[in-house]
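K.L.:
Just data-v1.txt, nothing more (compact mmCIF, C-alpha atoms):
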# COMPACT_ATOMS: atom_id res chain seq x y z
CA MET G 20 44.10 -0.77 61.24
CA LYS G 21 42.03 0.63 58.40
CA PHE G 22 40.25 3.95 58.66
CA ASP G 23 36.61 3.30 57.92
CA LEU G 24 34.94 6.59 57.00
CA GLN G 25 31.47 5.05 56.75
CA LYS G 26 31.74 3.72 60.29
CA TRP G 27 32.60 7.18 61.58
CA ILE G 28 29.78 8.78 59.58
CA ASN G 29 27.30 6.30 61.07
CA GLU G 30 28.68 7.05 64.53
CA GLY G 31 28.22 10.77 63.90
CA ARG G 32 24.66 10.27 62.66
CA LEU G 33 23.72 8.65 65.94
CA LYS G 34 25.48 11.18 68.15
CA SER G 35 24.61 14.44 66.49
CA PRO G 36 20.88 14.69 65.69
CA TRP G 37 20.11 18.31 64.83
CA VAL G 38 16.42 19.06 65.14
CA VAL G 39 14.21 21.52 63.31
CA HIS G 40 10.85 22.33 64.83
CA PHE G 41 7.68 23.03 62.84
CA ASN G 42 4.43 24.15 64.41
CA CYS G 43 1.35 23.16 62.37
CA GLY G 44 -1.02 25.39 64.28
CA SER G 45 -0.49 23.93 67.72
CA CYS G 46 -1.82 25.71 70.82
CA ASN G 47 1.85 26.24 71.84
CA GLY G 48 1.55 23.76 74.71
CA CYS G 49 3.73 21.19 72.90
CA ASP G 50 6.06 23.92 71.62
CA ILE G 51 6.75 25.13 75.13
CA GLU G 52 7.55 21.55 76.15
CA ILE G 53 9.93 21.21 73.17
CA LEU G 54 11.72 24.42 74.10
CA ASP G 55 11.77 23.18 77.69
CA CYS G 56 14.10 20.37 76.52
CA LEU G 57 16.65 23.00 75.54
CA THR G 58 16.84 24.51 79.04
CA PRO G 59 19.72 23.68 81.41
CA VAL G 60 17.41 21.36 83.44
CA HIS G 61 17.00 18.86 80.59
CA ASP G 62 20.02 19.95 78.49
CA VAL G 63 19.60 17.99 75.25
CA GLU G 64 23.02 19.12 74.11
CA ARG G 65 24.50 16.23 76.11
CA PHE G 66 23.05 13.97 73.38
CA GLY G 67 24.48 16.27 70.73
CA ILE G 68 21.01 17.60 69.94
CA ILE G 69 21.00 21.16 68.60
CA ASN G 70 18.00 23.19 67.51
CA VAL G 71 18.72 24.55 64.01
CA GLY G 72 16.70 26.95 61.90
CA ASN G 73 17.36 25.61 58.41
CA PRO G 74 15.65 22.30 57.52
CA LYS G 75 18.48 21.56 55.07
CA GLN G 76 20.90 21.34 58.00
CA ALA G 77 18.56 19.27 60.21
CA ASP G 78 18.31 15.50 60.75
CA VAL G 79 15.13 15.27 62.82
CA LEU G 80 11.85 17.10 62.17
CA LEU G 81 9.68 17.75 65.23
CA VAL G 82 6.08 18.50 64.26
CA SER G 83 3.48 19.69 66.72
CA GLY G 84 -0.14 20.62 66.12
CA THR G 85 -3.02 19.70 63.85
CA VAL G 86 -2.26 19.51 60.13
CA ASN G 87 -4.82 21.50 58.12
CA HIS G 88 -5.33 22.19 54.44
CA ARG G 89 -3.42 25.48 54.59
CA ASN G 90 -0.21 24.25 56.17
CA LYS G 91 0.09 20.73 54.72
CA THR G 92 2.03 22.08 51.72
CA ALA G 93 4.43 23.93 54.05
CA LEU G 94 4.95 20.75 56.08
CA LYS G 95 5.61 18.68 52.94
CA ASN G 96 7.96 21.38 51.65
CA ILE G 97 10.03 21.38 54.86
CA TYR G 98 10.20 17.58 54.86
CA ASP G 99 11.35 17.53 51.22
CA GLN G 100 14.09 20.08 51.94
CA MET G 101 15.67 17.87 54.61
CA GLN G 102 18.49 15.69 53.34
CA HIS G 103 18.66 11.95 53.80
CA PRO G 104 19.06 10.40 56.41
CA LYS G 105 16.21 12.05 58.27
CA ALA G 106 13.53 11.21 60.83
CA VAL G 107 10.14 12.70 61.68
CA ILE G 108 8.62 12.86 65.15
CA ALA G 109 4.97 13.80 65.63
CA ILE G 110 4.37 15.43 69.00
CA GLY G 111 1.16 15.67 71.00
CA SER G 112 -2.37 14.40 70.47
CA CYS G 113 -2.95 16.90 67.65
CA GLY G 114 0.14 15.79 65.75
CA LEU G 115 -0.85 12.13 66.15
CA SER G 116 -4.44 12.24 64.98
CA GLY G 117 -5.74 15.79 64.86
CA GLY G 118 -6.61 15.64 68.55
CA ILE G 119 -9.86 17.30 69.62
CA PHE G 120 -10.03 19.03 66.24
CA TYR G 121 -10.06 15.71 64.31
CA ASP G 122 -13.49 16.30 62.73
CA ALA G 123 -13.17 20.03 62.05
CA TYR G 124 -13.85 20.99 58.43
CA ASN G 125 -10.33 22.39 57.82
CA VAL G 126 -8.37 19.57 59.43
CA VAL G 127 -6.47 16.94 57.44
CA GLY G 128 -5.63 14.85 60.52
CA GLY G 129 -2.36 13.60 61.93
CA VAL G 130 1.09 14.39 60.57
CA ASP G 131 1.30 10.91 58.99
CA LYS G 132 -1.43 11.84 56.50
CA VAL G 133 1.12 14.11 54.78
CA ILE G 134 4.62 12.77 55.52
CA PRO G 135 5.95 9.46 56.90
CA VAL G 136 6.33 9.58 60.67
CA ASP G 137 8.95 7.56 62.56
CA VAL G 138 8.00 8.15 66.18
CA TYR G 139 4.73 9.25 67.79
CA VAL G 140 4.75 11.06 71.15
CA PRO G 141 1.29 11.04 72.78
CA GLY G 142 0.20 13.56 75.38
CA CYS G 143 -1.53 16.88 75.70
CA PRO G 144 1.13 18.16 76.05
CA PRO G 145 3.77 15.39 76.34
CA LYS G 146 6.47 15.69 78.98
CA PRO G 147 9.92 16.96 77.92
CA GLU G 148 11.40 13.62 79.00
CA GLN G 149 9.10 11.86 76.51
CA ILE G 150 10.23 14.16 73.70
CA ILE G 151 13.92 13.52 74.46
CA ASP G 152 13.16 9.80 74.61
CA ALA G 153 11.39 10.03 71.24
CA VAL G 154 14.50 11.51 69.61
CA LEU G 155 16.57 8.66 71.02
CA VAL G 156 14.00 6.06 69.80
CA ALA G 157 14.18 7.69 66.35
CA LEU G 158 17.97 7.31 66.48
CA GLY G 159 17.55 3.64 67.36
CA LYS G 160 15.33 3.18 64.28
CA LEU G 161 17.87 5.09 62.20
CA LYS G 162 20.61 2.79 63.44
CA ALA G 163 18.60 -0.28 62.48
CA SER G 164 17.95 1.12 59.00
CA LEU G 165 21.64 2.03 58.59
CA GLU G 166 22.64 -1.52 59.42
CA LYS G 167 20.10 -2.79 56.91
CA SER G 168 21.28 -0.38 54.20
CA ASP G 169 24.88 -1.45 54.82
CA GLU G 170 23.85 -4.93 53.75
CA ALA G 171 21.93 -3.67 50.70
CA PRO G 172 23.42 -0.30 49.79
CA GLY G 173 21.41 2.18 47.74
CA GLN G 174 18.06 1.07 49.13
CA GLU G 175 16.26 3.52 51.34
CA THR G 176 14.21 1.74 53.92
CA ALA G 177 10.63 2.95 54.04
CA PRO G 178 9.59 4.07 57.52
CA ALA G 179 7.72 1.28 59.26
CA ALA G 180 4.60 1.76 61.33
CA GLY G 181 5.13 4.14 64.22
CA GLU G 182 6.66 3.13 67.47
CA GLN G 183 5.66 4.63 70.77
CA PRO G 184 8.38 5.61 73.25
CA ALA G 185 7.90 4.49 76.80
CA ALA G 186 6.03 7.18 78.71
CA MET J 12 64.42 24.46 54.77
CA ILE J 13 63.56 20.76 54.93
CA VAL J 14 63.02 21.07 58.68
CA LYS J 15 60.67 24.02 58.17
CA LEU J 16 58.75 22.10 55.50
CA PHE J 17 58.45 19.16 57.90
CA PHE J 18 57.13 21.46 60.64
CA GLY J 19 54.63 22.94 58.19
CA ILE J 20 53.26 19.56 57.09
CA VAL J 21 53.11 18.12 60.62
CA GLY J 22 51.46 21.31 61.89
CA LEU J 23 48.86 21.18 59.14
CA ALA J 24 48.15 17.50 59.89
CA VAL J 25 47.74 18.09 63.63
CA ALA J 26 45.80 21.38 63.42
CA PRO J 27 42.32 19.96 62.53
CA PHE J 28 42.46 17.51 65.46
CA LEU J 29 43.66 20.24 67.80
CA GLY J 30 41.02 22.68 66.54
CA GLY J 31 38.22 20.13 66.91
CA LEU J 32 39.36 19.25 70.41
CA ILE J 33 39.48 22.94 71.36
CA ALA J 34 35.93 23.36 70.00
CA GLY J 35 34.76 20.34 72.03
CA LEU J 36 36.36 21.57 75.25
CA ASP J 37 34.90 25.01 74.55
CA ARG J 38 31.38 23.56 74.36
CA LYS J 39 31.92 21.46 77.49
CA ILE J 40 33.25 24.36 79.57
CA THR J 41 30.51 26.65 78.28
CA ALA J 42 27.91 24.07 79.32
CA ARG J 43 29.43 23.78 82.80
CA MET J 44 29.39 27.57 83.15
CA GLN J 45 25.64 27.45 82.39
CA SER J 46 25.23 24.59 84.94
CA ARG J 47 24.57 22.04 82.20
CA PHE J 48 26.26 18.69 81.70
CA GLY J 49 27.30 19.47 78.15
CA PRO J 50 28.06 17.35 75.08
CA PRO J 51 30.95 14.86 74.83
CA VAL J 52 34.35 16.43 74.14
CA LEU J 53 34.42 14.72 70.73
CA GLN J 54 31.04 16.22 69.76
CA PRO J 55 32.45 18.55 67.04
CA PHE J 56 33.97 15.52 65.29
CA TYR J 57 30.63 13.65 65.40
CA ASP J 58 28.94 16.73 63.91
CA VAL J 59 31.45 17.00 61.08
CA PHE J 60 31.34 13.28 60.22
CA LYS J 61 27.54 13.35 60.21
CA LEU J 62 27.53 16.39 57.92
CA LEU J 63 29.94 14.63 55.56
CA GLY J 64 27.48 11.74 55.27
CA LYS J 65 24.44 13.86 54.41
CA THR J 66 23.16 13.90 50.83
CA PRO J 67 24.67 16.97 49.14
CA SER J 68 22.06 19.56 48.19
CA ALA J 69 23.91 22.78 47.43
CA VAL J 70 21.76 25.44 45.81
CA ASN J 71 24.40 26.34 43.22
CA ALA J 72 27.95 25.45 42.21
CA TRP J 73 29.39 28.61 43.77
CA LEU J 74 28.57 27.38 47.26
CA VAL J 75 30.53 24.18 46.67
CA LEU J 76 33.49 25.96 45.08
CA CYS J 77 33.60 28.62 47.80
CA SER J 78 33.52 26.06 50.63
CA TYR J 79 36.48 24.23 49.05
CA LEU J 80 38.42 27.46 48.54
CA ALA J 81 37.66 28.67 52.08
CA LEU J 82 38.98 25.40 53.51
CA MET J 83 42.06 25.58 51.28
CA GLY J 84 42.70 29.20 52.30
CA SER J 85 42.55 28.33 56.00
CA ALA J 86 44.71 25.23 55.52
CA LEU J 87 47.32 27.20 53.57
CA ALA J 88 47.43 29.90 56.25
CA VAL J 89 47.97 27.27 58.98
CA PHE J 90 50.66 25.60 56.86
CA LEU J 91 52.45 28.92 56.36
CA PHE J 92 52.32 29.60 60.08
CA PHE J 93 53.98 26.30 61.02
CA TYR J 94 56.34 26.76 58.08
CA GLN J 95 57.37 29.93 59.99
CA ALA J 96 56.76 32.15 56.99
CA ASP J 97 56.14 35.87 56.78
CA LEU J 98 53.35 37.31 58.97
CA LEU J 99 52.07 39.58 56.21
CA LEU J 100 51.76 36.63 53.80
CA ILE J 101 49.80 34.69 56.42
CA PHE J 102 47.55 37.71 56.91
CA PHE J 103 46.68 37.90 53.21
CA VAL J 104 46.08 34.14 52.88
CA MET J 105 43.90 34.18 56.00
CA THR J 106 41.70 36.81 54.33
CA ILE J 107 41.10 34.56 51.30
CA SER J 108 39.26 32.05 53.45
CA ALA J 109 36.85 34.60 54.93
CA VAL J 110 36.28 36.31 51.56
CA PHE J 111 35.27 33.08 49.82
CA GLN J 112 32.95 32.19 52.66
CA VAL J 113 31.21 35.54 52.12
CA MET J 114 31.16 35.12 48.32
CA GLY J 115 29.41 31.77 48.64
CA ALA J 116 26.85 33.22 51.04
CA LEU J 117 26.19 36.15 48.65
CA SER J 118 25.64 33.82 45.67
CA VAL J 119 22.23 32.66 46.96
CA ASN J 120 18.99 34.61 47.25
CA SER J 121 18.24 33.75 50.87
CA PRO J 122 17.92 37.01 52.84
CA PHE J 123 19.38 35.36 55.97
CA SER J 124 22.48 34.35 54.06
CA GLN J 125 22.75 37.81 52.48
CA VAL J 126 22.47 39.65 55.79
CA GLY J 127 24.91 37.23 57.38
CA ALA J 128 27.41 37.83 54.57
CA GLN J 129 27.15 41.61 54.94
CA ARG J 130 27.73 41.27 58.68
CA GLU J 131 30.71 39.00 58.08
CA LEU J 132 32.18 41.73 55.87
CA LEU J 133 31.63 44.26 58.68
CA GLN J 134 33.38 41.89 61.09
CA MET J 135 36.32 41.64 58.71
CA LEU J 136 36.35 45.43 58.56
CA ALA J 137 36.67 45.42 62.36
CA TYR J 138 39.27 42.70 62.96
CA GLU J 139 41.58 42.97 59.97
CA PRO J 140 42.97 46.47 60.81
CA LEU J 141 43.52 45.29 64.40
CA ILE J 142 45.51 42.25 63.33
CA ILE J 143 47.63 44.26 60.90
CA ILE J 144 48.40 46.84 63.61
CA VAL J 145 49.50 44.04 65.92
CA PHE J 146 51.81 42.75 63.17
CA ILE J 147 53.24 46.25 62.70
CA GLY J 148 53.91 46.45 66.45
CA ILE J 149 55.68 43.08 66.37
CA ALA J 150 57.79 44.20 63.41
CA LEU J 151 58.64 47.48 65.17
CA LYS J 152 59.89 45.57 68.20
CA THR J 153 61.67 42.66 66.53
CA GLY J 154 62.62 44.30 63.24
CA SER J 155 61.12 41.51 61.17
CA PHE J 156 57.82 40.07 59.99
CA SER J 157 59.29 36.56 59.91
CA ILE J 158 57.96 34.14 62.53
CA GLU J 159 61.35 32.46 62.68
CA VAL J 160 62.97 35.71 63.93
CA ILE J 161 60.09 36.40 66.35
CA TYR J 162 60.36 32.94 67.93
CA ALA J 163 64.10 33.56 68.41
CA GLN J 164 63.52 36.61 70.68
CA GLN J 165 65.22 36.63 74.09
CA ALA J 166 62.39 38.18 76.18
CA PRO J 167 58.63 37.50 75.77
CA LEU J 168 56.94 40.11 73.59
CA LEU J 169 54.09 40.33 76.10
CA TYR J 170 56.28 42.45 78.43
CA SER J 171 56.78 45.17 75.85
CA MET J 172 53.40 45.02 74.14
CA PRO J 173 50.61 44.01 76.57
CA LEU J 174 48.11 46.43 75.03
CA LEU J 175 48.71 44.98 71.57
CA PHE J 176 47.96 41.54 73.02
CA LEU J 177 44.63 42.87 74.28
CA THR J 178 43.96 44.19 70.77
CA LEU J 179 44.67 40.74 69.36
CA GLY J 180 42.24 39.38 71.98
CA VAL J 181 39.47 41.61 70.60
CA ALA J 182 40.21 40.36 67.08
CA LEU J 183 40.25 36.79 68.42
CA THR J 184 36.79 37.22 69.97
CA ILE J 185 35.39 38.37 66.62
CA LYS J 186 37.12 35.60 64.68
CA LEU J 187 35.97 32.92 67.15
CA ARG J 188 32.33 34.08 66.66
CA LYS J 189 31.92 34.73 70.36
CA SER J 190 29.61 37.16 72.17
CA PRO J 191 29.41 40.17 72.10
CA PHE J 192 30.66 39.94 68.51
CA ASP J 193 28.83 36.84 67.19
CA ILE J 194 26.66 38.84 64.79
CA SER J 195 27.37 37.18 61.44
CA ALA J 196 26.97 33.55 62.53
CA SER J 197 26.98 32.16 66.00
CA HIS J 198 28.79 29.04 67.14
CA HIS J 199 27.51 26.20 69.40
CA GLY J 200 23.74 25.84 69.26
CA HIS J 201 23.06 29.57 69.17
CA GLN J 202 21.05 31.05 66.37
CA GLU J 203 21.45 34.45 64.79
CA ILE J 204 19.47 35.29 61.62
CA VAL J 205 18.96 31.51 61.33
CA ARG J 206 22.67 30.67 60.90
CA GLY J 207 23.90 33.91 59.35
CA VAL J 208 26.63 33.51 56.77
CA LEU J 209 26.48 29.70 57.17
CA THR J 210 22.70 29.42 56.54
CA GLU J 211 22.85 28.10 52.97
CA TYR J 212 25.87 25.85 53.44
CA THR J 213 24.58 22.32 54.01
CA GLY J 214 25.91 18.82 54.51
CA PRO J 215 29.51 18.34 53.29
CA GLN J 216 29.94 22.05 52.54
CA LEU J 217 29.03 22.97 56.12
CA ALA J 218 31.44 20.30 57.37
CA MET J 219 34.25 21.87 55.33
CA LEU J 220 33.54 25.34 56.70
CA GLU J 221 33.48 23.89 60.21
CA VAL J 222 36.94 22.40 59.70
CA ALA J 223 38.09 25.71 58.19
CA HIS J 224 36.89 27.43 61.37
CA TRP J 225 38.89 25.02 63.54
CA LEU J 226 41.97 25.82 61.46
CA ASP J 227 41.32 29.55 61.85
CA VAL J 228 41.13 29.10 65.63
CA VAL J 229 44.47 27.25 65.65
CA LEU J 230 46.02 29.98 63.51
CA ILE J 231 44.83 32.81 65.75
CA LEU J 232 45.99 30.96 68.87
CA GLY J 233 49.30 30.51 67.08
CA LEU J 234 49.48 34.26 66.58
CA CYS J 235 48.82 34.69 70.33
CA SER J 236 51.68 32.28 71.03
CA LEU J 237 54.11 34.73 69.38
CA PHE J 238 53.78 36.86 72.51
CA TRP J 239 55.46 34.26 74.73
CA ALA J 240 57.95 32.49 72.52
CA THR J 241 60.71 31.97 75.11
CA SER J 242 59.37 28.88 76.88
CA LEU J 243 56.89 26.21 75.87
CA LEU J 244 55.27 26.14 79.32
CA GLY J 245 54.76 29.91 79.35
CA MET J 246 53.26 29.72 75.87
CA ILE J 247 50.79 27.00 76.84
CA VAL J 248 49.75 28.85 80.02
CA LEU J 249 49.25 32.06 78.05
CA LEU J 250 47.07 30.30 75.46
CA LEU J 251 45.01 28.49 78.11
CA VAL J 252 44.38 31.72 80.04
CA THR J 253 43.52 33.60 76.83
CA TYR J 254 41.07 30.97 75.65
CA PHE J 255 39.45 30.63 79.07
CA LEU J 256 38.92 34.40 79.18
CA GLU J 257 37.32 34.20 75.71
CA ILE J 258 34.84 31.58 76.97
CA LEU J 259 34.16 33.66 80.07
CA VAL J 260 33.49 36.81 78.03
CA ASP J 261 31.26 34.77 75.71
CA ASN J 262 29.15 33.62 78.65
CA ILE J 263 28.82 36.90 80.53
CA SER J 264 28.03 39.17 77.60
CA ALA J 265 25.05 39.52 75.29
CA ARG J 266 25.09 39.72 71.52
CA LEU J 267 25.16 43.34 70.38
CA THR J 268 24.60 45.21 67.13
CA TRP J 269 27.09 45.62 64.29
CA GLN J 270 27.23 49.39 64.87
CA TRP J 271 28.33 48.76 68.46
CA MET J 272 30.90 46.24 67.28
CA LEU J 273 32.41 48.58 64.70
CA GLU J 274 32.59 51.50 67.14
CA ARG J 275 33.85 49.68 70.22
CA ALA J 276 36.05 46.98 68.73
CA LEU J 277 37.73 49.26 66.24
CA ALA J 278 37.99 52.32 68.53
CA SER J 279 39.21 50.45 71.62
CA GLY J 280 41.57 48.31 69.57
CA ILE J 281 43.11 51.25 67.72
CA ILE J 282 43.49 53.38 70.89
CA LEU J 283 45.11 50.49 72.80
CA SER J 284 47.49 49.66 69.99
CA VAL J 285 48.46 53.27 69.21
CA VAL J 286 49.33 53.84 72.88
CA ASN J 287 51.42 50.68 72.81
CA LEU J 288 53.11 51.65 69.53
CA LEU J 289 54.00 55.12 70.89
CA TRP J 290 55.44 53.49 73.99
CA LEU J 291 57.55 51.15 71.87
CA TYR J 292 58.68 54.11 69.75
CA ALA J 293 59.62 56.17 72.83
CA LEU J 294 61.69 53.31 74.30
CA LYS J 295 63.68 52.88 71.11
Please go through the file and, once you have read it, give me the structure as C-alpha cells.
P.N.:
Amino acid sequence: MKFDLQKWINEGRLKSPWVVHFNCGSCNGCDIEILDCLTPVHDVERFGIINVGNPKQADVLLVSGTVNHRNKTALKNIYDQMQHPKAVIAIGSCGLSGGIFYDAYNVVGGVDKVIPVDVYVPGCPPKPEQIIDAVLVALGKLKASLEKSDEAPGQETAPAAGEQPAA
Amino acid sequence: MIVKLFFGIVGLAVAPFLGGLIAGLDRKITARMQSRFGPPVLQPFYDVFKLLGKTPSAVNAWLVLCSYLALMGSALAVFLFFYQADLLLIFFVMTISAVFQVMGALSVNSPFSQVGAQRELLQMLAYEPLIIIVFIGIALKTGSFSIEVIYAQQAPLLYSMPLLFLTLGVALTIKLRKSPFDISASHHGHQEIVRGVLTEYTGPQLAMLEVAHWLDVVLILGLCSLFWATSLLGMIVLLLVTYFLEILVDNISARLTWQWMLERALASGIILSVVNLLWLYALK
C-alpha cells in the first residue's frame, strides 16, 4: 500500500475548515447567530470547525453585513491574506445584496461585488443551522473543485455562481 | 547500545502518532465535559494534513527556519528520552524547541505575536526551574541523572517524592497550554491575543509547530512515567490519571494573568519541591 499524501491533505481540507468572521457593518443580528453556532447546543467543533482570529490560518471567510465604500478595502485585504484553498460565505440579506440599505449612498452592495462568493445564506438573520449547512455546502464545492484540479493540476477553478443551501 | 538506539528510533517514530491521538482524545473528553459531542478523535491529524496542504505564505525566512528548528529540537529531545540518555541533556535540548518558537514569533512586527512571545518567555521562566528541581530530586534519590538507572529502581519514585510529582504536574499544565496557564497561546479552539506566539505561523509552519507540541506532550508524559518505573500497568494508570486531572483542571479553571502564573506556579512549585527535597535529605 502506498502512502498518498495528497489524498490525506484533501481529506484534512474537508474535515477541518477553520473559519474567520468579518463584520462589514452588520447590525450584529447575523453575528450573534454565527457565534450561536459555537455554543454547546450546535457545537460546530464536531465538524472540525474552529473560529480563528488570523485570516492567514483560516479556510472559510464568513462575511456578514452591508459592504460600503469604507470597508470594501478591508474586506478585499482579508480575502487576499487567506491562503488557497479558501471559500467565502456571505451571510444574511445585507451580505447578499445590501439588504434594506441597498440604495443608500454609501453602500456598494452585496459581498460578491468585491470578492467571489461561494455560498449565499439568506435570512434576516439566518438560523444557525443554515450557517452550519452553508459551511458544509462550501466544503462540498471545495471537494468538487479539488477533484477537478486533480485532473488538471495547477489550475485554480474560478468560483461558480452561488449556490443556496437548503433552508 | 544498539538496543538503546533501536528504542530511540522506534520511540521517535511512534511519538507523533501517540501525541496526535492524545490531543484528539483530549479534545473529545473536553467536549464531553462541556456537554458537547466533540470532534472526531483523529481531528488533530486532519488539521495538520490540511495545514500542510495550504499555500505557504510566511512573512519572512526566520519563521520558516524557526519552525523547522523547533520541530527538530522537540524530535531530538524525544529521541534522547527513548534512547534513555541523560536527563540534563534532554532538559537543554527541550529548551531549544521553545526558544526557537519564541525567536520566530519575535521576528515579525505583529503585536499579537510579540506579546505572545514575551508571555511564552515568562512561561519558560516559570516551568524550567520547576523541571530542573524535579530532576535534582530524582538524582538525589537515585544517584544518577541517567534514565536507564532511574528505570532500574526497585520501588516507584512516587512513594518518596509525591510533592515533586505535583511540581512536575504544574510544569506539565504550563507546557500543555492548559488553563489557568494558557496565556501565551491557547490550544483547542480557544483564542488568546489572537493565537499568541503561534499567530504569525501559517500553513506548513503551523503544522510543524503542532507536531512539535505533540512531541513535547509525549516527552513530558515520559518524564511523569519516571515516577512509576517498576511496572508497565502502574505507569499507564499513573499517566492516565495525571492527564485526566490536567483536562479536569483545564475545564474548571479560568485563564489568569502572567503575574498570577509567575507568583503561584513558581512559589507553589518551589515550596512543594523544597519540602520534598528536605524530606529526602533527612531520610538519607
K.L.:
Put the listed atoms of segment 269-287 of chain J in a box along x, y and z with 3 Å added on every side and give me the centre and edge lengths in Å to one decimal, as JSON.
P.N.:
{"center_x": 39.3, "center_y": 49.7, "center_z": 68.6, "size_x": 30.3, "size_y": 14.2, "size_z": 14.6}
K.L.:
Identify all chain J residues at most 6 Å from chain G by counting all atoms listed in the file; ligands do not count. Present them as a ChimeraX atom specification.
P.N.:
/J:47,49-50,57-58,60-61,64,66,200,205,213
K.L.:
Fewer than 2 positions away in the same chain doesn't count, so skip those; otherwise give me all residues within 10 Å of Asn90 of chain G, counting all atoms listed in the file, as a PyMOL selection string.
P.N.:
chain G and resi 42-44+85-88+92-96+126-127
K.L.:
Between atom CA of Gly180 of chain J and atom CA of Val248 of chain J, measure the distance and give it in Å to one decimal.
P.N.:
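We find that atom CA of Gly180 of chain J and atom CA of Val248 of chain J lie 15.2 Å from each other.
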K.L.:
Identify, on the basis of all atoms listed in the file, every residue whose closest approach to Arg266 of chain J does not exceed 7 Å; exclude the query and any residue fewer than 3 positions from it along the same chain; express the result as a PyMOL selection string.
P.N.:
chain J and resi 190-194
K.L.:
Which value, in Å to one decimal, gives the distance between atom CA of Phe92 of chain J and atom CA of Leu243 of chain J?
P.N.:
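Atom CA of Leu243 of chain J lies at a distance of 16.8 Å from atom CA of Phe92 of chain J.
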K.L.:
One decimal, in Å: what's the spacing between atom CA of Ser78 of chain J and atom CA of Trp269 of chain J?
P.N.:
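Distance between the two atoms: 24.7 Å.
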K.L.:
Using all atoms listed in the file, which protein or nucleic acid residues come within 8 Å of Val228 of chain J? Drop anything in the same chain fewer than 6 positions from it, and give the result as a PyMOL selection string.
P.N.:
chain J and resi 30+186-187
K.L.:
Find the spatial neighbours of segment 94-100 of chain J, counting all atoms listed in the file, within a cut-off of 8 Å - ignore same-chain residues fewer than 6 positions away - and output them as a count of residues only.
P.N.:
12
K.L.:
For a cut-off of 8 Å around (37.3, 43.7, 67.3), file coordinates, pick out all residues using all atoms listed in the file and list them as a ChimeraX atom specification.
P.N.:
/J:134,137-138,141,178,181-185,192,272-273,275-277,280
K.L.:
Considering all atoms listed in the file, state which residue in the set J:Ile144, J:Leu244, J:Leu29, J:Val208 is at the smallest distance from Ala128 of chain J.
P.N.:
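The shortest atom-to-atom distance to Ala128 of chain J comes from J:Val208.
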K.L.:
Could N, CA and C atoms be built for segment 42-54 of chain J and written out as a PDB file, in the frame of the given file?
P.N.:
ATOM      1  N   ALA J  42      29.056  24.745  78.707  1.00  0.00           N
ATOM      2  CA  ALA J  42      27.910  24.070  79.320  1.00  0.00           C
ATOM      3  C   ALA J  42      28.035  24.080  80.837  1.00  0.00           C
ATOM      4  N   ARG J  43      29.241  23.794  81.356  1.00  0.00           N
ATOM      5  CA  ARG J  43      29.430  23.780  82.800  1.00  0.00           C
ATOM      6  C   ARG J  43      29.211  25.165  83.397  1.00  0.00           C
ATOM      7  N   MET J  44      29.607  26.214  82.655  1.00  0.00           N
ATOM      8  CA  MET J  44      29.390  27.570  83.150  1.00  0.00           C
ATOM      9  C   MET J  44      27.896  27.898  83.216  1.00  0.00           C
ATOM     10  N   GLN J  45      27.098  27.225  82.382  1.00  0.00           N
ATOM     11  CA  GLN J  45      25.640  27.450  82.390  1.00  0.00           C
ATOM     12  C   GLN J  45      24.940  26.383  83.226  1.00  0.00           C
ATOM     13  N   SER J  46      25.685  25.723  84.114  1.00  0.00           N
ATOM     14  CA  SER J  46      25.230  24.590  84.940  1.00  0.00           C
ATOM     15  C   SER J  46      24.467  23.548  84.130  1.00  0.00           C
ATOM     16  N   ARG J  47      25.063  23.168  82.984  1.00  0.00           N
ATOM     17  CA  ARG J  47      24.570  22.040  82.200  1.00  0.00           C
ATOM     18  C   ARG J  47      25.649  20.971  82.192  1.00  0.00           C
ATOM     19  N   PHE J  48      25.262  19.756  81.756  1.00  0.00           N
ATOM     20  CA  PHE J  48      26.260  18.690  81.700  1.00  0.00           C
ATOM     21  C   PHE J  48      27.147  18.855  80.471  1.00  0.00           C
ATOM     22  N   GLY J  49      26.525  19.206  79.354  1.00  0.00           N
ATOM     23  CA  GLY J  49      27.300  19.470  78.150  1.00  0.00           C
ATOM     24  C   GLY J  49      27.530  18.239  77.302  1.00  0.00           C
ATOM     25  N   PRO J  50      27.842  18.457  76.019  1.00  0.00           N
ATOM     26  CA  PRO J  50      28.060  17.350  75.080  1.00  0.00           C
ATOM     27  C   PRO J  50      29.402  16.684  75.327  1.00  0.00           C
ATOM     28  N   PRO J  51      29.630  15.481  74.727  1.00  0.00           N
ATOM     29  CA  PRO J  51      30.950  14.860  74.830  1.00  0.00           C
ATOM     30  C   PRO J  51      32.024  15.762  74.212  1.00  0.00           C
ATOM     31  N   VAL J  52      33.259  15.585  74.655  1.00  0.00           N
ATOM     32  CA  VAL J  52      34.350  16.430  74.140  1.00  0.00           C
ATOM     33  C   VAL J  52      34.546  16.224  72.643  1.00  0.00           C
ATOM     34  N   LEU J  53      34.228  15.006  72.165  1.00  0.00           N
ATOM     35  CA  LEU J  53      34.420  14.720  70.730  1.00  0.00           C
ATOM     36  C   LEU J  53      33.238  15.153  69.874  1.00  0.00           C
ATOM     37  N   GLN J  54      32.265  15.847  70.486  1.00  0.00           N
ATOM     38  CA  GLN J  54      31.040  16.220  69.760  1.00  0.00           C
ATOM     39  C   GLN J  54      31.299  16.922  68.417  1.00  0.00           C
TER      40      GLN J  54
END
